[in-house]
Structure formats: C-alpha cells, structure tokens
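K.L.:
You'll find upload-v5.txt just under this line, and it carries compact mmCIF, C-alpha atoms and all ligand atoms.
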```txt
# COMPACT_ATOMS: atom_id res chain seq x y z
CA MET A 1 147.45 134.24 44.07
CA LYS A 2 145.43 132.42 41.57
CA ARG A 3 141.69 132.65 41.81
CA ARG A 4 141.38 128.89 42.13
CA VAL A 5 143.57 128.86 45.25
CA ILE A 6 141.58 131.68 46.84
CA LYS A 7 138.41 129.77 46.17
CA LYS A 8 139.88 126.68 47.78
CA ARG A 9 140.96 128.64 50.87
CA LEU A 10 137.58 130.27 51.18
CA PHE A 11 135.99 126.88 50.99
CA PHE A 12 138.09 125.49 53.88
CA LEU A 13 137.45 128.60 55.93
CA LEU A 14 133.76 128.07 55.43
CA ILE A 15 134.04 124.42 56.52
CA LEU A 16 135.97 125.49 59.62
CA LEU A 17 133.21 127.94 60.51
CA ILE A 18 130.34 125.55 59.86
CA LEU A 19 131.78 122.41 61.46
CA PRO A 20 131.57 123.54 65.12
CA LEU A 21 127.95 124.44 64.52
CA PHE A 22 127.15 120.77 64.00
CA PHE A 23 128.58 119.99 67.40
CA LEU A 24 126.91 122.94 69.03
CA LEU A 25 123.42 122.38 67.68
CA PRO A 26 122.61 119.02 69.31
CA SER A 27 124.13 120.02 72.64
CA LYS A 28 121.99 123.13 72.59
CA LYS A 29 118.96 120.85 72.34
CA GLU A 30 119.97 118.90 75.42
CA GLU A 31 118.83 120.31 78.75
CA GLU A 32 119.10 119.40 82.40
CA MET A 33 115.86 118.34 84.09
CA LYS A 34 114.64 120.64 86.84
CA ASP A 35 113.40 119.54 90.22
CA LEU A 36 109.64 119.72 89.75
CA SER A 37 108.70 118.70 93.29
CA THR A 38 107.44 122.18 94.23
CA TYR A 39 105.75 122.87 90.89
CA THR A 40 102.00 123.08 90.47
CA LYS A 41 100.33 121.23 87.62
CA LYS A 42 100.11 124.50 85.64
CA GLU A 43 103.79 125.19 86.17
CA VAL A 44 104.72 121.69 85.04
CA GLU A 45 102.61 122.17 81.92
CA ALA A 46 104.30 125.50 81.17
CA TYR A 47 107.74 123.98 81.72
CA ALA A 48 106.98 121.00 79.46
CA LYS A 49 105.72 123.35 76.76
CA GLU A 50 108.80 125.54 76.97
CA GLU A 51 111.12 122.53 76.75
CA GLU A 52 108.95 120.85 74.09
CA LEU A 53 108.52 117.73 76.19
CA GLU A 54 105.79 115.22 75.62
CA LEU A 55 103.97 115.54 78.95
CA GLN A 56 101.78 112.96 80.65
CA ILE A 57 100.15 113.91 83.96
CA GLU A 58 98.82 111.18 86.22
CA GLU A 59 96.97 111.45 89.48
CA GLU A 60 96.73 108.95 92.29
CA TYR A 61 95.73 108.79 95.94
CA SER A 62 98.54 109.00 98.45
CA GLU A 63 98.75 108.63 102.21
CA SER A 64 101.98 110.61 102.49
CA VAL A 65 101.90 113.30 99.77
CA PRO A 66 99.31 116.08 100.26
CA LYS A 67 96.74 116.82 97.59
CA ASP A 68 97.97 118.54 94.39
CA GLN A 69 101.62 118.04 95.27
CA MET A 70 103.93 116.17 92.98
CA ILE A 71 104.62 112.50 93.80
CA SER A 72 107.17 111.66 91.11
CA GLN A 73 108.73 112.74 87.82
CA SER A 74 109.85 110.14 85.29
CA ILE A 75 113.00 112.08 84.32
CA PRO A 76 114.92 112.69 87.56
CA LYS A 77 116.24 116.14 88.35
CA GLY A 78 119.67 116.83 86.91
CA LYS A 79 119.30 114.22 84.19
CA ARG A 80 119.89 115.36 80.63
CA PHE A 81 116.98 115.15 78.22
CA HIS A 82 116.15 116.03 74.66
CA HIS A 83 113.21 117.85 73.19
CA LYS A 84 110.29 115.56 72.41
CA ASP A 85 111.25 113.22 75.27
CA HIS A 86 108.39 111.73 77.25
CA LEU A 87 107.91 113.12 80.76
CA LYS A 88 105.42 111.57 83.16
CA VAL A 89 104.58 113.53 86.30
CA LYS A 90 102.40 112.08 89.04
CA PHE A 91 100.35 114.33 91.30
CA SER A 92 98.63 113.41 94.52
CA LEU A 93 94.87 113.33 94.93
CA GLY A 94 95.50 113.41 98.68
CA LYS A 95 94.38 110.80 101.18
CA ILE A 96 91.74 108.57 99.83
CA ASP A 97 88.26 109.09 101.17
CA LYS A 98 86.89 105.72 102.21
CA ASN A 99 83.75 106.54 100.25
CA VAL A 100 85.83 105.96 97.13
CA TYR A 101 86.28 102.31 98.18
CA GLN A 102 82.59 102.04 98.79
CA ASP A 103 81.75 103.62 95.43
CA SER A 104 84.19 101.37 93.55
CA HIS A 105 83.02 98.25 95.48
CA VAL A 106 86.63 97.51 96.41
CA ASP A 107 87.01 93.95 97.65
CA GLU A 108 90.47 92.49 97.84
CA LEU A 109 89.17 89.21 99.21
CA GLY A 110 87.18 88.58 96.04
CA PHE A 111 87.87 85.77 93.57
CA VAL A 112 90.49 85.81 90.82
CA PRO A 113 89.93 83.95 87.52
CA ILE A 114 92.87 81.94 86.18
CA MET A 115 92.01 81.06 82.58
CA MET A 116 93.23 77.78 81.10
CA TYR A 117 93.84 77.69 77.36
CA HIS A 118 95.55 75.10 75.17
CA GLY A 119 95.83 75.57 71.38
CA ILE A 120 94.70 78.64 69.41
CA TYR A 121 93.70 77.63 65.88
CA ASN A 122 93.70 80.08 63.00
CA LYS A 123 90.02 79.58 62.30
CA LYS A 124 86.75 81.47 62.37
CA ASP A 125 84.10 80.23 64.80
CA SER A 126 81.88 79.42 61.82
CA GLU A 127 84.55 77.04 60.53
CA THR A 128 84.19 74.64 63.48
CA GLU A 129 81.30 72.29 64.13
CA TYR A 130 81.31 72.99 67.87
CA THR A 131 79.77 75.61 70.14
CA GLY A 132 81.13 79.18 69.95
CA GLY A 133 84.89 79.31 69.54
CA ASN A 134 85.50 75.68 70.50
CA VAL A 135 87.63 73.72 68.03
CA ASP A 136 86.94 70.37 69.75
CA TYR A 137 83.99 68.99 71.67
CA ASP A 138 85.34 69.93 75.13
CA GLY A 139 86.62 73.33 74.02
CA TYR A 140 90.22 72.69 75.00
CA GLN A 141 91.26 74.07 71.62
CA ARG A 142 89.99 77.49 70.64
CA THR A 143 89.74 79.58 67.47
CA SER A 144 91.86 82.70 67.01
CA GLU A 145 88.65 84.63 66.37
CA SER A 146 87.30 83.68 69.80
CA PHE A 147 90.58 84.36 71.60
CA LYS A 148 90.59 87.88 70.16
CA ARG A 149 87.01 88.26 71.38
CA ASP A 150 87.94 86.92 74.84
CA LEU A 151 90.61 89.60 75.26
CA GLU A 152 88.17 92.29 74.18
CA THR A 153 85.59 90.97 76.69
CA PHE A 154 88.08 90.86 79.57
CA TYR A 155 89.12 94.41 78.73
CA GLN A 156 85.54 95.68 78.53
CA GLU A 157 84.60 93.97 81.80
CA GLY A 158 87.40 95.70 83.70
CA TYR A 159 89.81 92.78 84.10
CA TYR A 160 93.52 93.56 84.12
CA ILE A 161 95.76 90.69 83.10
CA ILE A 162 98.59 90.21 85.57
CA PRO A 163 101.45 87.67 85.67
CA LEU A 164 100.68 84.45 87.53
CA LYS A 165 103.97 84.79 89.41
CA ASP A 166 102.85 88.16 90.80
CA TYR A 167 99.49 86.81 91.89
CA ILE A 168 100.98 83.99 93.98
CA LYS A 169 103.11 86.59 95.80
CA GLY A 170 100.09 88.83 96.37
CA GLU A 171 101.49 91.54 94.10
CA ILE A 172 98.35 92.80 92.46
CA ASN A 173 99.16 95.84 90.35
CA VAL A 174 95.72 96.76 89.12
CA PRO A 175 94.12 100.23 89.09
CA LEU A 176 91.41 101.21 91.57
CA GLY A 177 88.09 99.57 90.75
CA LYS A 178 89.59 97.02 88.31
CA SER A 179 90.00 93.26 88.76
CA PRO A 180 92.98 90.97 88.22
CA MET A 181 92.84 88.06 85.79
CA ILE A 182 95.46 85.50 84.78
CA LEU A 183 95.95 83.70 81.46
CA THR A 184 97.65 80.30 81.13
CA PHE A 185 98.38 78.03 78.15
CA ASP A 186 99.18 74.32 78.50
CA ASP A 187 100.96 71.78 76.26
CA GLY A 188 103.18 74.14 74.23
CA PHE A 189 101.30 73.91 70.94
CA ALA A 190 103.18 75.57 68.08
CA ASN A 191 100.11 77.75 67.57
CA ASN A 192 100.79 79.37 70.97
CA MET A 193 103.85 81.10 69.52
CA GLN A 194 104.04 80.32 65.80
CA VAL A 195 107.15 81.59 64.03
CA ILE A 196 106.48 82.20 60.34
CA GLY A 197 109.96 83.26 59.33
CA LYS A 198 112.70 85.79 59.88
CA GLU A 199 113.09 89.37 58.76
CA ASN A 200 116.27 91.39 59.35
CA GLY A 201 117.40 88.71 61.80
CA GLU A 202 114.21 88.91 63.87
CA ILE A 203 111.61 86.18 64.12
CA GLN A 204 108.16 87.00 62.81
CA ILE A 205 105.19 85.75 64.82
CA ASP A 206 101.96 84.56 63.22
CA PRO A 207 99.42 87.29 64.14
CA ASN A 208 96.80 84.56 64.61
CA SER A 209 98.82 82.56 67.15
CA ALA A 210 98.23 83.22 70.87
CA VAL A 211 101.27 85.47 71.33
CA GLY A 212 100.62 87.22 68.00
CA ILE A 213 97.08 88.04 69.10
CA MET A 214 98.21 89.30 72.50
CA GLU A 215 100.91 91.49 70.94
CA GLU A 216 98.36 93.02 68.56
CA PHE A 217 96.04 93.66 71.50
CA LYS A 218 98.79 95.43 73.43
CA LYS A 219 99.43 97.70 70.44
CA LYS A 220 95.75 98.56 70.25
CA HIS A 221 95.54 99.27 74.01
CA PRO A 222 98.97 100.52 75.11
CA ASP A 223 97.74 101.29 78.63
CA TYR A 224 96.43 97.74 79.15
CA PRO A 225 98.70 94.91 80.26
CA VAL A 226 98.48 91.53 78.50
CA THR A 227 100.60 88.58 79.50
CA ALA A 228 100.35 84.82 80.00
CA THR A 229 102.22 81.87 81.45
CA PHE A 230 102.96 78.96 79.07
CA PHE A 231 103.32 75.46 80.56
CA LEU A 232 105.57 73.25 78.47
CA ASN A 233 106.46 69.58 78.11
CA ALA A 234 109.74 68.28 76.66
CA PRO A 235 108.93 69.24 73.02
CA LEU A 236 108.72 72.89 74.23
CA PHE A 237 107.02 74.96 71.48
CA ARG A 238 107.67 72.26 68.86
CA GLN A 239 109.82 74.57 66.72
CA SER A 240 113.37 73.46 67.47
CA ASP A 241 114.85 75.66 64.68
CA TYR A 242 113.76 78.79 66.52
CA GLU A 243 113.96 77.68 70.15
CA GLU A 244 116.46 80.23 71.38
CA GLU A 245 114.80 83.12 69.54
CA ILE A 246 111.38 82.09 70.81
CA PHE A 247 112.52 82.13 74.44
CA ASP A 248 114.38 85.43 73.99
CA TYR A 249 111.24 86.94 72.50
CA MET A 250 109.01 85.62 75.28
CA ILE A 251 111.26 86.96 78.04
CA GLU A 252 111.66 90.32 76.32
CA HIS A 253 107.90 90.67 75.88
CA GLY A 254 107.02 89.76 79.48
CA TYR A 255 105.64 86.22 79.07
CA ASP A 256 106.42 83.44 81.53
CA ILE A 257 107.32 79.79 81.03
CA GLY A 258 106.40 77.05 83.52
CA ASN A 259 106.55 73.27 83.94
CA HIS A 260 103.89 70.88 82.57
CA THR A 261 106.07 67.78 83.21
CA TYR A 262 108.38 65.98 80.78
CA SER A 263 105.86 63.70 79.06
CA HIS A 264 102.41 64.73 80.31
CA PRO A 265 101.62 61.71 82.54
CA ASP A 266 98.72 61.15 84.91
CA PHE A 267 100.37 61.44 88.34
CA THR A 268 97.95 58.94 89.88
CA GLU A 269 99.55 56.27 87.67
CA LEU A 270 103.13 57.07 88.73
CA THR A 271 105.34 55.99 91.59
CA TYR A 272 107.12 58.62 93.67
CA GLU A 273 110.39 58.03 91.74
CA GLU A 274 108.66 58.33 88.38
CA ALA A 275 107.07 61.58 89.52
CA VAL A 276 110.49 62.97 90.51
CA LYS A 277 111.75 62.12 87.03
CA GLU A 278 108.80 63.76 85.25
CA VAL A 279 109.04 66.99 87.24
CA GLY A 280 112.81 67.17 87.74
CA SER A 281 113.81 66.42 84.15
CA MET A 282 111.44 69.09 82.86
CA TYR A 283 112.82 71.67 85.29
CA GLN A 284 116.28 70.64 84.10
CA ILE A 285 115.34 71.41 80.49
CA LEU A 286 113.88 74.79 81.49
CA GLU A 287 117.01 75.59 83.49
CA GLU A 288 119.20 74.69 80.52
CA LYS A 289 117.19 76.72 78.00
CA LEU A 290 116.12 79.67 80.14
CA LYS A 291 118.58 79.93 83.07
CA ASP A 292 116.66 81.88 85.75
CA HIS A 293 113.94 83.06 83.40
CA TYR A 294 111.24 80.50 84.13
CA VAL A 295 108.68 80.21 86.89
CA HIS A 296 108.66 77.43 89.48
CA ILE A 297 105.03 76.68 88.83
CA ILE A 298 103.56 73.40 87.59
CA ALA A 299 100.34 72.99 85.67
CA LEU A 300 99.30 69.46 86.62
CA PRO A 301 98.54 67.34 83.50
CA TYR A 302 94.84 66.38 83.58
CA GLY A 303 94.78 68.19 86.95
CA SER A 304 96.06 64.98 88.55
CA PRO A 305 96.71 63.94 91.30
CA TYR A 306 93.39 65.34 92.36
CA GLU A 307 94.27 65.38 96.07
CA LYS A 308 97.25 66.94 97.80
CA ASP A 309 97.69 63.87 100.01
CA HIS A 310 98.56 61.68 97.02
CA GLU A 311 101.93 59.93 97.41
CA THR A 312 103.37 61.72 94.34
CA PHE A 313 102.51 65.21 95.58
CA PRO A 314 105.71 65.71 97.61
CA ALA A 315 107.67 64.92 94.41
CA ILE A 316 105.76 67.66 92.63
CA LEU A 317 106.71 70.21 95.29
CA SER A 318 110.40 69.41 95.57
CA GLY A 319 112.97 66.76 94.85
CA ASN A 320 116.33 65.73 93.55
CA TYR A 321 116.55 64.20 90.08
CA ASN A 322 120.00 62.71 89.42
CA GLY A 323 121.64 65.40 91.55
CA PHE A 324 119.49 68.20 90.14
CA GLU A 325 117.58 69.89 92.98
CA TYR A 326 114.25 71.50 92.22
CA HIS A 327 111.40 73.17 94.05
CA THR A 328 107.91 74.30 93.10
CA ASP A 329 106.21 77.46 94.38
CA ALA A 330 102.74 76.70 93.10
CA THR A 331 100.64 74.17 91.16
CA LEU A 332 97.56 74.57 89.02
CA GLN A 333 94.66 72.17 88.71
CA VAL A 334 92.31 71.71 85.80
CA GLY A 335 89.09 73.14 87.16
CA TRP A 336 86.03 75.13 86.39
CA GLU A 337 85.91 78.13 88.73
CA SER A 338 87.90 81.11 90.00
CA ASN A 339 90.56 80.88 92.66
CA PHE A 340 90.82 82.66 96.01
CA SER A 341 92.33 86.07 96.62
CA PRO A 342 96.00 85.74 97.59
CA TYR A 343 95.06 87.52 100.84
CA SER A 344 92.40 84.98 101.75
CA LYS A 345 92.78 82.41 104.49
CA ASN A 346 91.72 79.82 101.92
CA PHE A 347 94.43 80.72 99.40
CA ASP A 348 96.72 77.77 98.79
CA PRO A 349 99.28 78.37 96.02
CA GLN A 350 100.15 74.66 96.12
CA PHE A 351 96.76 73.79 94.67
CA MET A 352 95.04 76.48 92.64
CA LYS A 353 91.86 76.28 90.60
CA ARG A 354 91.60 77.22 86.96
CA ILE A 355 88.75 77.93 84.58
CA ARG A 356 88.58 76.07 81.27
CA ALA A 357 88.34 78.91 78.73
CA TYR A 358 85.62 77.58 76.44
CA ASP A 359 82.09 78.30 75.22
CA ASN A 360 78.96 76.49 76.30
CA ASN A 361 76.17 79.06 75.94
CA GLY A 362 76.71 80.38 79.47
CA GLU A 363 76.42 76.96 81.13
CA GLY A 364 78.75 74.29 82.46
CA TYR A 365 81.20 76.81 83.94
CA ASP A 366 82.24 78.23 80.57
CA ILE A 367 83.80 81.70 80.26
CA GLU A 368 80.46 83.47 80.13
CA MET A 369 79.09 81.68 83.19
CA ASN A 370 82.23 82.38 85.19
CA LEU A 371 82.25 86.09 84.31
CA GLU A 372 78.59 86.26 85.26
CA ARG A 373 79.27 84.62 88.65
CA LEU A 374 82.21 86.97 89.21
CA LYS A 375 80.04 90.05 88.84
CA ASN A 376 79.30 90.00 92.57
CA THR A 377 82.26 88.03 93.88
CA ARG A 378 85.31 89.26 92.05
CA PHE A 379 88.45 90.80 93.48
CA ILE A 380 88.22 94.57 93.03
CA SER A 381 91.45 96.47 93.56
CA ASP A 382 92.06 99.53 95.74
CA GLY A 383 94.78 100.58 93.28
CA ASP A 384 97.56 100.23 95.85
CA SER A 385 99.58 97.00 95.71
CA ASN A 386 101.04 97.60 99.18
CA GLN A 387 97.69 97.84 100.87
CA ILE A 388 94.86 95.35 101.35
CA THR A 389 91.40 96.91 101.37
CA ILE A 390 88.46 94.78 102.45
CA LYS A 391 84.99 95.15 103.88
CA LYS A 392 84.82 95.27 107.69
CA GLU A 393 82.65 92.18 107.91
CA ASP A 394 85.17 90.10 105.91
CA MET A 395 88.01 90.48 108.44
CA GLU A 396 87.69 86.84 109.52
CA TYR A 397 88.58 85.62 105.99
CA LEU A 398 91.83 87.54 105.86
CA LYS A 399 95.10 85.58 105.99
CA GLU A 400 96.82 86.31 109.28
CA ASN A 401 100.45 86.89 108.41
CA THR A 402 100.65 89.76 105.98
CA SER A 403 103.20 92.56 105.85
CA ARG A 404 100.81 94.76 103.86
CA LYS A 405 98.80 97.55 105.40
CA ILE A 406 95.18 96.56 106.00
CA VAL A 407 92.35 99.02 105.42
CA THR A 408 88.74 98.18 106.20
CA TYR A 409 85.63 100.11 105.30
ZN ZN B 501 98.19 69.39 79.32
```
Please rewrite the model in this file as structure tokens.
P.N.:
Amino acid sequence: MKRRVIKKRLFFLLILLILPLFFLLPSKKEEEMKDLSTYTKKEVEAYAKEEELELQIEEEYSESVPKDQMISQSIPKGKRFHHKDHLKVKFSLGKIDKNVYQDSHVDELGFVPIMMYHGIYNKKDSETEYTGGNVDYDGYQRTSESFKRDLETFYQEGYYIIPLKDYIKGEINVPLGKSPMILTFDDGFANNMQVIGKENGEIQIDPNSAVGIMEEFKKKHPDYPVTATFFLNAPLFRQSDYEEEIFDYMIEHGYDIGNHTYSHPDFTELTYEEAVKEVGSMYQILEEKLKDHYVHIIALPYGSPYEKDHETFPAILSGNYNGFEYHTDATLQVGWESNFSPYSKNFDPQFMKRIRAYDNNGEGYDIEMNLERLKNTRFISDGDSNQITIKKEDMEYLKENTSRKIVTY
C-alpha cells in the first residue's frame, strides 16, 4: 500500500473516532433536575455548585410551608438543564408574625397614585422657560430629563409600578412594605414611543422617548418593574410606517394600550349617538390593530363628562357602533390626587382619579405635593397578592365582596 493511502485511511479512522465525541460532549453537560423539596438551603447551594448552576435563593413568608422548607424551584424536577442555567429556589420564612405588618406599616386600604403624563420632550429642564421639568405652562408636556428623575424618585420612595389592568382587578403584586403606583400616557404623542430607524430588522427606540427611558430604567434595575398604559386616539402613535412593529414591541415589553376616543372630543358637547361613535370606532381600530392585546379602559379626554350621571356616560361604558359591540371596564378622569385602594368601599373603577405629573414647587397637587401627602396615606403591601392586610380599625372601609383572605392587625 502506498503511504498516501495509509495516511488517508488513518485520517478517516481518526474522524470516525472523534466524531462521536462531539455528540457525547454536549449530552454529558445536560443533566436532569433533582427534586429539591427536602433539601436545606446549604444542600441546595452545594448541589448548584456541583452542577455549576447560577443559583438565586429567595425567601418569603408562607402560611402553608414551614420555616426553612423549600416553597418552589424554578427548574422542575426531571427537567433537563445545562450548566450555567439560572435556578431560583424559594424558601419559607414560616408564618408571618403580625409584628412584621406593624413594623412595615402595611395598609392595603391606602391610596394608590395613578400618574398622568402626555408628551416627553427630549429636552433638559434648563431648556424650558417653565417650572421644573414642565415643557408648557400647565406641565402637561414634560422633559425627558424630568421623566428620568421621576422614575428614580418613585424607585427611591418605594413605589412599585404595576399595570393599570392589574390594579382594577385588585391584583397588587408588590413586595412587603412597598407601594403600588401606575403610569399612564395620553394622546399618543410620537415622543411616547419614537422609532428612530431599523437595525437587523428590529425597530430602534429613541432612548429619550417615554418607552426608551423606561426600557433603560429596567436595564439599570432588573428587579424593578416598569410599565405604563398608553391611551390613543385615531392617529395612534403618529408613525404609520412602523405601526405594526410598534404594537408588537409594546406587547412584547409588557406595555398596555387603551382608548382615548377617536378624535378627543369633550363628552359634554356630544349627543349619546356621537359618544357611541367616538368610543366604538376607537375600540374598533384597537381591535383591528391589536386583536385581544388592548385594555378596555378609557382615559376621558379633558376628564369630561365630569359626572357619571351625564347622558353620554352609558355610551362610554358600553354600546354598539355599526354592529360592533364594545364594553369598558374602567375610566380615568383628569384629576389631581391619588385614587382609592381596589379593596376600598369607595373604589369605583368606572371613575378613577389621576394625578397630573408636573412640577409646581410642591404646590398645586404636583408630583412632589402628592408624594408628600402619600407619606402617611399610601397603600403599603403585605407582599401577598391573595391576601388583604389592613388595620383593625379600618374594617368598615373594606369592600364587602372579596374572595381574598382578610388579615387584620
Ligand atoms: Zn388627551
């Protein structure tokens, strides 16, 4: 045999030997998750180390799981995982001692701020001639600098931003001792969600637009939720070239879209039929663009009609526009102070108050004044969304029909 042929054969033999190794190696890396329910924290740590898992241990109070026992593991037993995967294991702190509620000033009948924003302008505060971060006299428009500062303030003050749609259902997922807050944007200004172009088929958002700022904030504080509900009129976000991509992005990133009527009328100047058209045609557009991915909530233009007994109000709540049936779960006014707890007797989702997010040196119900007032009156969570914890003396303010467990202290 010629040397060249031998060489060739040796080469193929080598390939045959090496090839299976490539298949073996990755499968060797894959393991089956163990049942960790009887493990102690130390044992979980040792296991995670051995399997090279990125471990995160969390602790929370539990009525049913005794102290130091495992509540849950993020990778279920029997599931295959790879090294470097993230494993979150929750351990119980046992039954909560009611002193903890006392110490954290838990009050789930406290007030909840719903912030009302409009446009966010890519400006510094010093570039406007108005107070603080206001871009116009009334502070309906705000600078990007001040919106960034607002988020930082809310974060520092212990507010957790939750979706408006959760709040109206009483689903308050906020850690123990923290307070819920809601952000809303009206009028669909392009600067709410400004697309500046496309890269590799994905839209790029202006980092100084409202969504851009919120996304940056989320990156900076991965454990902190930031979301908002945007109330649109017929021009939507005024960027028809990117409409579909904008809505896909918003849904994917956990933002909500609601109804601000078709053409932004004052309801007190409309007939019942005109009101049906304004509300129904806007819902129809949302349905067409977003299918089920919009909220049945209306931000009332100018906050009008200012009374629920106005003749147009039934048209705001439900109706039939040219065969298109619609209904509304909640409406928002234009206001100046916080709204009631969803567990309060006074809570009325059909007519909710909002705070104008603006600056006025701590007066005239601006952001600062509202946060100051909330220091003693705000909703403070017990950290359990299935349970309502209130002070004994507040029992009379609690809504009667609730399926959640009630704890008093
Ligand atoms: Zn408006």
K.L.:
Measuring between all atoms listed in the file, which one of A:Lys220, A:Lys277, A:His264, A:His105 shows the shortest distance to Asp382 in chain A?
P.N.:
A:His105
K.L.:
Given all atoms listed in the file as the basis, pick out the residue of A:Leu317, A:Leu300, A:Met369, A:Ile57 nearest to ligand ZN 501 (chain B).
P.N.:
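Smallest distance to ligand ZN 501 (chain B) is found for A:Leu300.
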K.L.:
Which residues of range 237-317 of chain A come within 9 Å of range 174-186 of chain A, and what is each one's closest atom pair and distance in Å (one decimal), counting only C-alpha atoms, sorted by chain and residue number, as JSON lines?
P.N.:
```
{"residue": "A:His260", "atom": "CA", "partner": "A:Asp186", "partner_atom": "CA", "distance": 7.1}
{"residue": "A:Ala299", "atom": "CA", "partner": "A:Asp186", "partner_atom": "CA", "distance": 7.4}
{"residue": "A:Pro301", "atom": "CA", "partner": "A:Asp186", "partner_atom": "CA", "distance": 8.6}
```
K.L.:
When you count only C-alpha atoms and all ligand atoms, which of these residues is closest to ligand ZN 501 (chain B): A:Asn401, A:Phe379, A:Met282, A:Tyr140?
P.N.:
A:Tyr140
K.L.:
Given the choices A:Phe230, A:Tyr117, A:Tyr137, A:Tyr159, which gets closest to Val334 in chain A if the distance is worked out from all atoms listed in the file?
P.N.:
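Smallest separation from Val334 in chain A among the options: A:Tyr117.
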K.L.:
Would you compute the distance between CA of Lys169 in chain A and CA of Leu398 in chain A? Give it in Å to one decimal.
P.N.:
15.1 Å
K.L.:
Using only C-alpha atoms, list the residues that have an atom at most 12 Å from (82.9, 91.9, 82.2), coordinates as in the file, as a short mmCIF file (atom, residue, chain, number, x, y, z; two decimals) with C-alpha atoms, keeping the file's coordinate frame.
P.N.:
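Final output, saved to selection_26.cif:
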```
data_model
loop_
_atom_site.label_atom_id
_atom_site.label_comp_id
_atom_site.auth_asym_id
_atom_site.auth_seq_id
_atom_site.Cartn_x
_atom_site.Cartn_y
_atom_site.Cartn_z
CA PRO A 113 89.93 83.95 87.52
CA ASP A 150 87.94 86.92 74.84
CA LEU A 151 90.61 89.60 75.26
CA GLU A 152 88.17 92.29 74.18
CA THR A 153 85.59 90.97 76.69
CA PHE A 154 88.08 90.86 79.57
CA TYR A 155 89.12 94.41 78.73
CA GLN A 156 85.54 95.68 78.53
CA GLU A 157 84.60 93.97 81.80
CA GLY A 158 87.40 95.70 83.70
CA TYR A 159 89.81 92.78 84.10
CA TYR A 160 93.52 93.56 84.12
CA LYS A 178 89.59 97.02 88.31
CA SER A 179 90.00 93.26 88.76
CA PRO A 180 92.98 90.97 88.22
CA MET A 181 92.84 88.06 85.79
CA ILE A 367 83.80 81.70 80.26
CA GLU A 368 80.46 83.47 80.13
CA MET A 369 79.09 81.68 83.19
CA ASN A 370 82.23 82.38 85.19
CA LEU A 371 82.25 86.09 84.31
CA GLU A 372 78.59 86.26 85.26
CA ARG A 373 79.27 84.62 88.65
CA LEU A 374 82.21 86.97 89.21
CA LYS A 375 80.04 90.05 88.84
CA ASN A 376 79.30 90.00 92.57
CA ARG A 378 85.31 89.26 92.05
#
```
K.L.:
Tell me, in Å to one decimal, how far CA of Asn361 in chain A is from CA of Glu145 in chain A.
P.N.:
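Here the two named atoms are 16.7 Å from each other.
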K.L.:
Report, in Å with one decimal, the straight-line distance from CA of Phe231 in chain A to CA of Lys165 in chain A.
P.N.:
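Those two atoms sit 12.9 Å apart.
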K.L.:
Could you tell me which of A:Thr389, A:Ser344, A:Ser281, A:Asn259 comes closest to ligand ZN 501 (chain B) if we count all atoms listed in the file?
P.N.:
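With all atoms listed in the file as the atom set, the closest residue is A:Asn259.
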K.L.:
Complete range 337-354 of chain A with N, CA and C atoms (output as a CSV table (one decimal), in the coordinates of the input).
P.N.:
```csv
chain,number,residue,atom,x,y,z
A,337,GLU,N,86.3,76.8,88.2
A,337,GLU,CA,85.9,78.1,88.7
A,337,GLU,C,87.1,78.9,89.2
A,338,SER,N,86.8,80.2,89.6
A,338,SER,CA,87.9,81.1,90.0
A,338,SER,C,88.6,80.7,91.3
A,339,ASN,N,89.8,81.2,91.5
A,339,ASN,CA,90.6,80.9,92.7
A,339,ASN,C,90.4,82.0,93.7
A,340,PHE,N,90.9,81.7,94.9
A,340,PHE,CA,90.8,82.7,96.0
A,340,PHE,C,91.8,83.9,95.8
A,341,SER,N,91.4,84.9,96.5
A,341,SER,CA,92.3,86.1,96.6
A,341,SER,C,93.6,85.6,97.3
A,342,PRO,N,94.8,86.1,96.9
A,342,PRO,CA,96.0,85.7,97.6
A,342,PRO,C,96.0,86.2,99.1
A,343,TYR,N,95.1,87.1,99.4
A,343,TYR,CA,95.1,87.5,100.8
A,343,TYR,C,94.1,86.7,101.7
A,344,SER,N,93.4,85.8,101.0
A,344,SER,CA,92.4,85.0,101.8
A,344,SER,C,93.0,83.9,102.6
A,345,LYS,N,92.4,83.6,103.7
A,345,LYS,CA,92.8,82.4,104.5
A,345,LYS,C,92.8,81.1,103.7
A,346,ASN,N,91.9,81.0,102.7
A,346,ASN,CA,91.7,79.8,101.9
A,346,ASN,C,92.7,79.7,100.8
A,347,PHE,N,93.5,80.7,100.5
A,347,PHE,CA,94.4,80.7,99.4
A,347,PHE,C,95.5,79.7,99.6
A,348,ASP,N,95.7,78.8,98.7
A,348,ASP,CA,96.7,77.8,98.8
A,348,ASP,C,97.4,77.7,97.4
A,349,PRO,N,98.6,78.4,97.3
A,349,PRO,CA,99.3,78.4,96.0
A,349,PRO,C,99.7,77.0,95.6
A,350,GLN,N,99.8,76.0,96.5
A,350,GLN,CA,100.2,74.7,96.1
A,350,GLN,C,99.0,73.9,95.4
A,351,PHE,N,97.9,74.5,95.3
A,351,PHE,CA,96.8,73.8,94.7
A,351,PHE,C,95.7,74.8,94.2
A,352,MET,N,95.9,75.4,93.1
A,352,MET,CA,95.0,76.5,92.6
A,352,MET,C,94.1,76.0,91.5
A,353,LYS,N,92.9,76.6,91.6
A,353,LYS,CA,91.9,76.3,90.6
A,353,LYS,C,92.0,77.1,89.3
A,354,ARG,N,91.6,76.5,88.2
A,354,ARG,CA,91.6,77.2,87.0
A,354,ARG,C,90.3,77.0,86.3
```
